[in-house]
>>> print(open('model-v6.cif').read())   # mmCIF, C-alpha atoms and all ligand atoms
data_upload
#
loop_
_atom_site.group_PDB
_atom_site.id
_atom_site.type_symbol
_atom_site.label_atom_id
_atom_site.label_comp_id
_atom_site.auth_asym_id
_atom_site.auth_seq_id
_atom_site.Cartn_x
_atom_site.Cartn_y
_atom_site.Cartn_z
ATOM 1 C CA MET A 1 -3.601 12.826 -14.289
ATOM 2 C CA LYS A 2 -4.687 11.620 -10.891
ATOM 3 C CA LYS A 3 -2.741 13.116 -8.023
ATOM 4 C CA ILE A 4 -1.599 10.414 -5.638
ATOM 5 C CA ALA A 5 -0.102 10.376 -2.159
ATOM 6 C CA ILE A 6 1.771 7.166 -1.382
ATOM 7 C CA PHE A 7 1.808 6.072 2.268
ATOM 8 C CA ILE A 8 4.639 3.891 3.579
ATOM 9 C CA SER A 9 5.987 2.714 6.919
ATOM 10 C CA GLY A 10 9.306 1.114 6.004
ATOM 11 C CA ARG A 11 11.324 -0.174 3.075
ATOM 12 C CA GLY A 12 9.070 1.172 0.349
ATOM 13 C CA SER A 13 9.799 -1.311 -2.424
ATOM 14 C CA ASN A 14 6.200 -1.108 -3.696
ATOM 15 C CA MET A 15 6.401 2.676 -3.603
ATOM 16 C CA LYS A 16 9.617 2.559 -5.644
ATOM 17 C CA ALA A 17 7.981 0.308 -8.232
ATOM 18 C CA ILE A 18 5.049 2.753 -8.494
ATOM 19 C CA LEU A 19 7.349 5.766 -8.860
ATOM 20 C CA GLU A 20 9.199 3.984 -11.670
ATOM 21 C CA GLN A 21 5.952 3.194 -13.442
ATOM 22 C CA CYS A 22 4.893 6.848 -13.087
ATOM 23 C CA ASN A 23 8.133 7.949 -14.709
ATOM 24 C CA ASN A 24 8.234 5.414 -17.461
ATOM 25 C CA GLY A 25 5.554 2.768 -17.470
ATOM 26 C CA VAL A 26 1.881 1.987 -17.061
ATOM 27 C CA LEU A 27 1.268 4.958 -14.758
ATOM 28 C CA GLN A 28 2.965 7.518 -16.972
ATOM 29 C CA ASN A 29 0.477 10.316 -17.755
ATOM 30 C CA VAL A 30 -2.022 8.503 -15.523
ATOM 31 C CA ALA A 31 -0.833 9.191 -11.978
ATOM 32 C CA GLN A 32 1.234 12.014 -10.580
ATOM 33 C CA PRO A 33 2.879 11.305 -7.205
ATOM 34 C CA ILE A 34 2.630 14.539 -5.251
ATOM 35 C CA LEU A 35 3.635 13.201 -1.830
ATOM 36 C CA VAL A 36 5.193 10.226 -0.092
ATOM 37 C CA PHE A 37 4.041 10.176 3.506
ATOM 38 C CA SER A 38 5.159 8.024 6.411
ATOM 39 C CA ASN A 39 4.065 7.527 10.007
ATOM 40 C CA ASN A 40 7.670 6.533 10.654
ATOM 41 C CA PRO A 41 10.313 9.251 10.200
ATOM 42 C CA GLU A 42 12.970 6.511 9.930
ATOM 43 C CA ALA A 43 11.288 4.735 7.006
ATOM 44 C CA ALA A 44 13.993 3.891 4.470
ATOM 45 C CA GLY A 45 11.528 4.519 1.650
ATOM 46 C CA LEU A 46 11.504 8.263 2.415
ATOM 47 C CA GLU A 47 15.102 8.530 1.192
ATOM 48 C CA THR A 48 14.228 6.547 -1.917
ATOM 49 C CA ALA A 49 11.306 8.896 -2.618
ATOM 50 C CA LYS A 50 13.602 11.924 -2.266
ATOM 51 C CA SER A 51 15.999 10.383 -4.779
ATOM 52 C CA TYR A 52 13.072 10.366 -7.234
ATOM 53 C CA GLY A 53 12.436 14.032 -6.514
ATOM 54 C CA ILE A 54 9.101 13.417 -4.784
ATOM 55 C CA PRO A 55 8.131 15.606 -1.808
ATOM 56 C CA THR A 56 8.124 13.609 1.425
ATOM 57 C CA ALA A 57 6.625 14.142 4.848
ATOM 58 C CA SER A 58 6.387 12.193 8.046
ATOM 59 C CA ILE A 59 4.463 12.535 11.253
ATOM 60 C CA PRO A 60 5.503 10.070 13.969
ATOM 61 C CA SER A 61 2.631 7.885 15.097
ATOM 62 C CA LYS A 62 4.510 6.293 17.967
ATOM 63 C CA GLY A 63 2.788 6.716 21.291
ATOM 64 C CA LYS A 64 -0.247 8.473 19.821
ATOM 65 C CA LYS A 65 -3.847 7.315 19.927
ATOM 66 C CA ARG A 66 -5.162 6.191 16.560
ATOM 67 C CA VAL A 67 -7.894 8.822 16.201
ATOM 68 C CA ALA A 68 -5.650 11.692 17.330
ATOM 69 C CA PHE A 69 -2.832 10.670 14.998
ATOM 70 C CA ASP A 70 -5.128 10.201 12.023
ATOM 71 C CA GLN A 71 -6.655 13.634 12.657
ATOM 72 C CA GLU A 72 -3.149 15.139 12.503
ATOM 73 C CA VAL A 73 -2.654 13.450 9.151
ATOM 74 C CA ILE A 74 -6.062 14.603 7.874
ATOM 75 C CA ASP A 75 -5.200 18.175 8.879
ATOM 76 C CA PHE A 76 -1.793 17.928 7.215
ATOM 77 C CA LEU A 77 -3.276 16.600 3.984
ATOM 78 C CA GLU A 78 -5.554 19.644 3.746
ATOM 79 C CA ASN A 79 -2.526 21.322 2.155
ATOM 80 C CA TYR A 80 -2.746 18.913 -0.763
ATOM 81 C CA ASP A 81 -5.242 18.200 -3.487
ATOM 82 C CA ILE A 82 -5.245 14.400 -3.515
ATOM 83 C CA ASP A 83 -7.261 12.137 -5.810
ATOM 84 C CA TYR A 84 -6.044 8.847 -4.315
ATOM 85 C CA ILE A 85 -4.139 7.669 -1.265
ATOM 86 C CA VAL A 86 -2.100 4.625 -2.217
ATOM 87 C CA LEU A 87 -1.091 2.504 0.768
ATOM 88 C CA ALA A 88 2.172 0.679 0.080
ATOM 89 C CA GLY A 89 3.278 -1.122 3.222
ATOM 90 C CA TYR A 90 1.567 1.432 5.478
ATOM 91 C CA MET A 91 1.404 -0.651 8.631
ATOM 92 C CA ARG A 92 -1.420 1.093 10.397
ATOM 93 C CA VAL A 93 -5.111 0.446 10.706
ATOM 94 C CA LEU A 94 -6.928 3.590 9.628
ATOM 95 C CA SER A 95 -9.555 5.144 11.874
ATOM 96 C CA LYS A 96 -13.162 5.502 10.688
ATOM 97 C CA ARG A 97 -12.696 9.217 10.552
ATOM 98 C CA PHE A 98 -9.742 8.896 8.194
ATOM 99 C CA VAL A 99 -11.533 6.434 5.929
ATOM 100 C CA GLN A 100 -14.578 8.717 5.805
ATOM 101 C CA ALA A 101 -12.422 11.755 5.016
ATOM 102 C CA PHE A 102 -11.126 9.954 1.919
ATOM 103 C CA LYS A 103 -14.087 7.767 1.083
ATOM 104 C CA ASN A 104 -13.424 5.436 -1.881
ATOM 105 C CA LYS A 105 -10.089 7.140 -2.463
ATOM 106 C CA ILE A 106 -7.830 4.836 -0.418
ATOM 107 C CA ILE A 107 -6.332 1.765 -2.078
ATOM 108 C CA ASN A 108 -4.189 -0.888 -0.396
ATOM 109 C CA ILE A 109 -2.087 -3.864 -1.440
ATOM 110 C CA HIS A 110 -2.317 -6.914 0.800
ATOM 111 C CA PRO A 111 0.024 -9.868 0.283
ATOM 112 C CA ALA A 112 -2.668 -12.561 0.625
ATOM 113 C CA ASP A 113 -6.221 -13.292 -0.414
ATOM 114 C CA THR A 114 -8.133 -11.009 1.977
ATOM 115 C CA HIS A 115 -10.926 -13.602 2.137
ATOM 116 C CA GLN A 116 -8.434 -16.046 3.638
ATOM 117 C CA HIS A 117 -5.989 -13.974 5.656
ATOM 118 C CA LYS A 118 -6.398 -10.450 6.998
ATOM 119 C CA GLY A 119 -3.897 -8.346 8.909
ATOM 120 C CA LEU A 120 -0.163 -8.764 9.336
ATOM 121 C CA HIS A 121 2.301 -11.571 8.497
ATOM 122 C CA ALA A 122 0.607 -12.743 5.323
ATOM 123 C CA TYR A 123 3.702 -14.387 3.841
ATOM 124 C CA GLU A 124 4.370 -16.179 7.156
ATOM 125 C CA TRP A 125 0.783 -17.415 6.995
ATOM 126 C CA ALA A 126 1.329 -18.739 3.446
ATOM 127 C CA TYR A 127 4.553 -20.405 4.565
ATOM 128 C CA ASN A 128 3.085 -21.974 7.696
ATOM 129 C CA SER A 129 0.020 -23.134 5.754
ATOM 130 C CA ASN A 130 2.219 -24.823 3.108
ATOM 131 C CA LEU A 131 0.290 -23.067 0.358
ATOM 132 C CA LYS A 132 1.080 -24.038 -3.230
ATOM 133 C CA HIS A 133 -0.354 -20.726 -4.382
ATOM 134 C CA THR A 134 -1.150 -17.504 -2.651
ATOM 135 C CA LYS A 135 -2.821 -14.360 -3.919
ATOM 136 C CA ILE A 136 -1.957 -10.700 -3.852
ATOM 137 C CA THR A 137 -5.013 -8.498 -3.311
ATOM 138 C CA VAL A 138 -5.482 -4.864 -4.282
ATOM 139 C CA HIS A 139 -8.545 -3.453 -2.580
ATOM 140 C CA TYR A 140 -10.327 -0.296 -1.525
ATOM 141 C CA VAL A 141 -9.965 0.492 2.155
ATOM 142 C CA ASP A 142 -13.130 0.592 4.208
ATOM 143 C CA GLU A 143 -13.622 0.857 7.952
ATOM 144 C CA GLY A 144 -12.583 -2.734 8.653
ATOM 145 C CA VAL A 145 -9.157 -4.376 8.482
ATOM 146 C CA ASP A 146 -8.620 -5.714 4.941
ATOM 147 C CA THR A 147 -12.376 -5.976 4.406
ATOM 148 C CA GLY A 148 -12.776 -3.438 1.584
ATOM 149 C CA ASN A 149 -13.995 -4.238 -1.923
ATOM 150 C CA ILE A 150 -11.465 -6.187 -3.921
ATOM 151 C CA ILE A 151 -10.318 -4.482 -7.110
ATOM 152 C CA ALA A 152 -8.112 -7.282 -8.426
ATOM 153 C CA GLN A 153 -6.081 -10.295 -7.326
ATOM 154 C CA ALA A 154 -2.990 -11.966 -8.751
ATOM 155 C CA VAL A 155 -1.891 -15.526 -8.113
ATOM 156 C CA VAL A 156 1.636 -16.226 -6.881
ATOM 157 C CA ASN A 157 2.932 -19.707 -7.604
ATOM 158 C CA LEU A 158 4.706 -20.998 -4.487
ATOM 159 C CA GLU A 159 5.558 -24.474 -5.750
ATOM 160 C CA GLY A 160 9.173 -25.257 -4.988
ATOM 161 C CA ALA A 161 9.533 -22.221 -2.688
ATOM 162 C CA LYS A 162 11.325 -23.691 0.307
ATOM 163 C CA THR A 163 11.800 -20.826 2.712
ATOM 164 C CA LEU A 164 9.859 -17.794 3.890
ATOM 165 C CA GLU A 165 12.426 -15.691 2.031
ATOM 166 C CA ASP A 166 11.648 -17.571 -1.221
ATOM 167 C CA ILE A 167 7.947 -16.904 -0.715
ATOM 168 C CA GLU A 168 8.457 -13.207 0.002
ATOM 169 C CA LYS A 169 10.700 -12.828 -3.012
ATOM 170 C CA ARG A 170 8.158 -14.393 -5.344
ATOM 171 C CA GLY A 171 5.307 -12.441 -3.802
ATOM 172 C CA LEU A 172 7.062 -9.091 -3.961
ATOM 173 C CA ALA A 173 7.977 -9.634 -7.612
ATOM 174 C CA VAL A 174 4.255 -10.000 -8.341
ATOM 175 C CA GLU A 175 3.307 -7.083 -6.064
ATOM 176 C CA HIS A 176 5.698 -4.718 -7.813
ATOM 177 C CA ARG A 177 4.212 -5.431 -11.243
ATOM 178 C CA PHE A 178 0.598 -5.953 -10.257
ATOM 179 C CA TYR A 179 0.025 -2.909 -8.044
ATOM 180 C CA SER A 180 0.915 -0.386 -10.749
ATOM 181 C CA GLN A 181 -1.078 -2.279 -13.380
ATOM 182 C CA THR A 182 -4.151 -2.311 -11.162
ATOM 183 C CA LEU A 183 -3.768 1.341 -10.164
ATOM 184 C CA ALA A 184 -3.534 2.248 -13.844
ATOM 185 C CA GLU A 185 -6.798 0.435 -14.562
ATOM 186 C CA VAL A 186 -8.560 2.210 -11.703
ATOM 187 C CA MET A 187 -7.197 5.647 -12.540
ATOM 188 C CA LYS A 188 -7.890 5.435 -16.256
ATOM 189 C CA ALA A 189 -11.495 4.338 -15.716
HETATM 190 C C1 LIG A 201 4.462 -5.618 1.197
HETATM 191 O O1 LIG A 201 4.586 -7.023 1.092
HETATM 192 C C2 LIG A 201 3.009 -5.211 1.346
HETATM 193 O O2 LIG A 201 2.113 -5.964 0.560
HETATM 194 C C3 LIG A 201 2.794 -5.497 2.810
HETATM 195 O O3 LIG A 201 3.967 -5.024 3.432
HETATM 196 C C4 LIG A 201 5.062 -5.136 2.525
HETATM 197 C C5 LIG A 201 5.711 -3.776 2.400
HETATM 198 O O4 LIG A 201 6.899 -3.857 1.666
HETATM 199 N N1 LIG A 201 1.630 -4.854 3.309
HETATM 200 C C6 LIG A 201 0.886 -5.357 4.286
HETATM 201 O O5 LIG A 201 1.139 -6.400 4.851
HETATM 202 C C7 LIG A 201 -0.310 -4.509 4.666
HETATM 203 N N2 LIG A 201 -1.088 -5.175 5.649
HETATM 204 P P1 LIG A 201 7.496 -2.574 0.946
HETATM 205 O O6 LIG A 201 7.624 -1.487 2.034
HETATM 206 O O7 LIG A 201 8.831 -2.997 0.467
HETATM 207 O O8 LIG A 201 6.557 -2.163 -0.143
#
>>> encode(input="model-v6.cif", output="C-alpha cells")
Amino acid sequence: MKKIAIFISGRGSNMKAILEQCNNGVLQNVAQPILVFSNNPEAAGLETAKSYGIPTASIPSKGKKRVAFDQEVIDFLENYDIDYIVLAGYMRVLSKRFVQAFKNKIINIHPADTHQHKGLHAYEWAYNSNLKHTKITVHYVDEGVDTGNIIAQAVVNLEGAKTLEDIEKRGLAVEHRFYSQTLAEVMKA
C-alpha cells in the first residue's frame, strides 16, 4: 500500500471522498492515509479527518514567507514515511524547495482544464465564460502553478447549470469520484 499524506486548507470534501474510498472503495488496499495536514488550523476538514481516525496536523502559514513555511513543513514531514502527497484543496503555491523534496510524489486536483485556466477561482471562470463543459484535471505538481504533467482529465457537463452554485455542485460530484479513481490508477501502476 502506498502511504499518503492528504493536504487541505478548508472544507475537505475531496479528502473525505478519498478517505471513504480508502476504507471501502477503489483505494482500499491501494493507499493508506497516514496524515491529513493543513496550513490552516481552522480547516473544517481536520475535524472530518479525525472522525475517520486519521492523524492530523497543522502548521499555520499565515504571515510566513513561502520558503520558510514550506521548510517547516518539510522538516515536520521527516517524521513520516510518505509515498505520495495528495493535495485536496490545499490553497498554497508550493516553493521549489518543497517540490524538489518530494519530486514526482505530489499530485493535485484542479477544477478546470489546466491548459485553459490556472490558479484560483476555476468554477467562477467557467461560469463567467459561459462554458457548456469544463474539465477536472489531476496532475503532478511541478515548480510552476498548475503546470505539471496531466495524469487524467474528466469532463463536467455544464449544460443547464444556471448558477455558480450549480456549476460547483456538478464539478465537485465529478471531483469526488474522479480523484480517487485516478489516484488508484497511479498507485497501482
Ligand atoms: C476543490 O474544488 C478543489 O478542486 C479546489 O478547491 C476545492 C476544495 O474543496 N482546488 C483548487 O482550486 C486548487 N487550485 P474541498 O476542500 O471541499 O475539497
>>> resolve_selection(input="model-v6.cif", expression="the PyMOL selection byres (((not hetatm)) within 8 of (chain A and resi 201))", output="ChimeraX atom specification")
/A:8-16,45,88-92,108-111,118-123,136,146,168,171-172,175
>>> atom_distance(input="model-v6.cif", atom1="atom CA of A:Ala17", atom2="atom CA of A:Glu124")
22.8 Å
>>> resolve_selection(input="model-v6.cif", expression="the PyMOL selection byres (((chain A and resi 127) around 12) and not hetatm)", output="list in words")
Ala112, His121, Ala122, Tyr123, Glu124, Trp125, Ala126, Asn128, Ser129, Asn130, Leu131, Lys132, His133, Thr134, Leu158, Glu159, Gly160, Ala161, Lys162, Thr163, Leu164, Glu165, Asp166, Ile167, Glu168 and Gly171 of chain A
>>> residues_around(input="model-v6.cif", residues="A:Val93", least_positions_apart="4", cutoff="9 Å", atoms="only C-alpha atoms", output="list in words")
Arg66, Glu143, Gly144 and Val145 of chain A
>>> resolve_selection(input="model-v6.cif", expression="the PyMOL selection byres (((chain A and resi 71) around 12) and not hetatm)", output="list of chain:residue names")
A:Ile59, A:Ser61, A:Lys64, A:Lys65, A:Arg66, A:Val67, A:Ala68, A:Phe69, A:Asp70, A:Glu72, A:Val73, A:Ile74, A:Asp75, A:Phe76, A:Leu77, A:Glu78, A:Leu94, A:Ser95, A:Lys96, A:Arg97, A:Phe98, A:Val99, A:Gln100, A:Ala101
>>> write_last_selection(input="model-v6.cif", atoms="C-alpha atoms", output="PDB file, keeping the file's coordinate frame")
ATOM      1  CA  ILE A  59       4.463  12.535  11.253  1.00  0.00           C
ATOM      2  CA  SER A  61       2.631   7.885  15.097  1.00  0.00           C
ATOM      3  CA  LYS A  64      -0.247   8.473  19.821  1.00  0.00           C
ATOM      4  CA  LYS A  65      -3.847   7.315  19.927  1.00  0.00           C
ATOM      5  CA  ARG A  66      -5.162   6.191  16.560  1.00  0.00           C
ATOM      6  CA  VAL A  67      -7.894   8.822  16.201  1.00  0.00           C
ATOM      7  CA  ALA A  68      -5.650  11.692  17.330  1.00  0.00           C
ATOM      8  CA  PHE A  69      -2.832  10.670  14.998  1.00  0.00           C
ATOM      9  CA  ASP A  70      -5.128  10.201  12.023  1.00  0.00           C
ATOM     10  CA  GLU A  72      -3.149  15.139  12.503  1.00  0.00           C
ATOM     11  CA  VAL A  73      -2.654  13.450   9.151  1.00  0.00           C
ATOM     12  CA  ILE A  74      -6.062  14.603   7.874  1.00  0.00           C
ATOM     13  CA  ASP A  75      -5.200  18.175   8.879  1.00  0.00           C
ATOM     14  CA  PHE A  76      -1.793  17.928   7.215  1.00  0.00           C
ATOM     15  CA  LEU A  77      -3.276  16.600   3.984  1.00  0.00           C
ATOM     16  CA  GLU A  78      -5.554  19.644   3.746  1.00  0.00           C
ATOM     17  CA  LEU A  94      -6.928   3.590   9.628  1.00  0.00           C
ATOM     18  CA  SER A  95      -9.555   5.144  11.874  1.00  0.00           C
ATOM     19  CA  LYS A  96     -13.162   5.502  10.688  1.00  0.00           C
ATOM     20  CA  ARG A  97     -12.696   9.217  10.552  1.00  0.00           C
ATOM     21  CA  PHE A  98      -9.742   8.896   8.194  1.00  0.00           C
ATOM     22  CA  VAL A  99     -11.533   6.434   5.929  1.00  0.00           C
ATOM     23  CA  GLN A 100     -14.578   8.717   5.805  1.00  0.00           C
ATOM     24  CA  ALA A 101     -12.422  11.755   5.016  1.00  0.00           C
TER      25      ALA A 101
END
>>> atom_distance(input="model-v6.cif", atom1="atom CA of A:Asn79", atom2="atom CA of A:Ala43")
22.1 Å
>>> residues_around(input="model-v6.cif", residues="A:Val36", least_positions_apart="5", cutoff="8 Å", atoms="all atoms listed in the file", output="list in words")
Ala5, Ile6, Phe7, Ile8, Leu46, Ala49, Ile54, Pro55, Thr56 and Ala57 of chain A
>>> axis_aligned_box(input="model-v6.cif", around="stretch 13-31 of chain A", padding_each_side="4 Å", output="AutoDock Vina command-line options")
--center_x 3.9 --center_y 4.5 --center_z -10.1 --size_x 19.8 --size_y 19.6 --size_z 23.3
>>> closest_residue(input="model-v6.cif", among="A:Ala184, A:Val155, A:Ile18, A:Leu87", to="A:Lys105", atoms="all atoms listed in the file")
A:Leu87
>>> atom_distance(input="model-v6.cif", atom1="atom CA of A:Pro41", atom2="atom CA of A:Ile82")
21.4 Å
>>> residues_near_point(input="model-v6.cif", point="(8.2, 2.7, -13.9)", cutoff="12 Å", atoms="all atoms listed in the file", output="PyMOL selection string")
chain A and resi 14-31+52+176-177+179-181+184
>>> closest_residue(input="model-v6.cif", among="A:Asn39, A:Ser58, A:Ala154, A:Asp83", to="A:Met1", atoms="all atoms listed in the file")
A:Asp83
>>> closest_residue(input="model-v6.cif", among="A:Gln116, A:Tyr84, A:Ile4, A:Lys62", to="A:Phe102", atoms="only C-alpha atoms")
A:Tyr84
>>> closest_residue(input="model-v6.cif", among="A:Val138, A:Asn157, A:Ile151, A:Thr114", to="A:Ala173", atoms="all atoms listed in the file")
A:Asn157
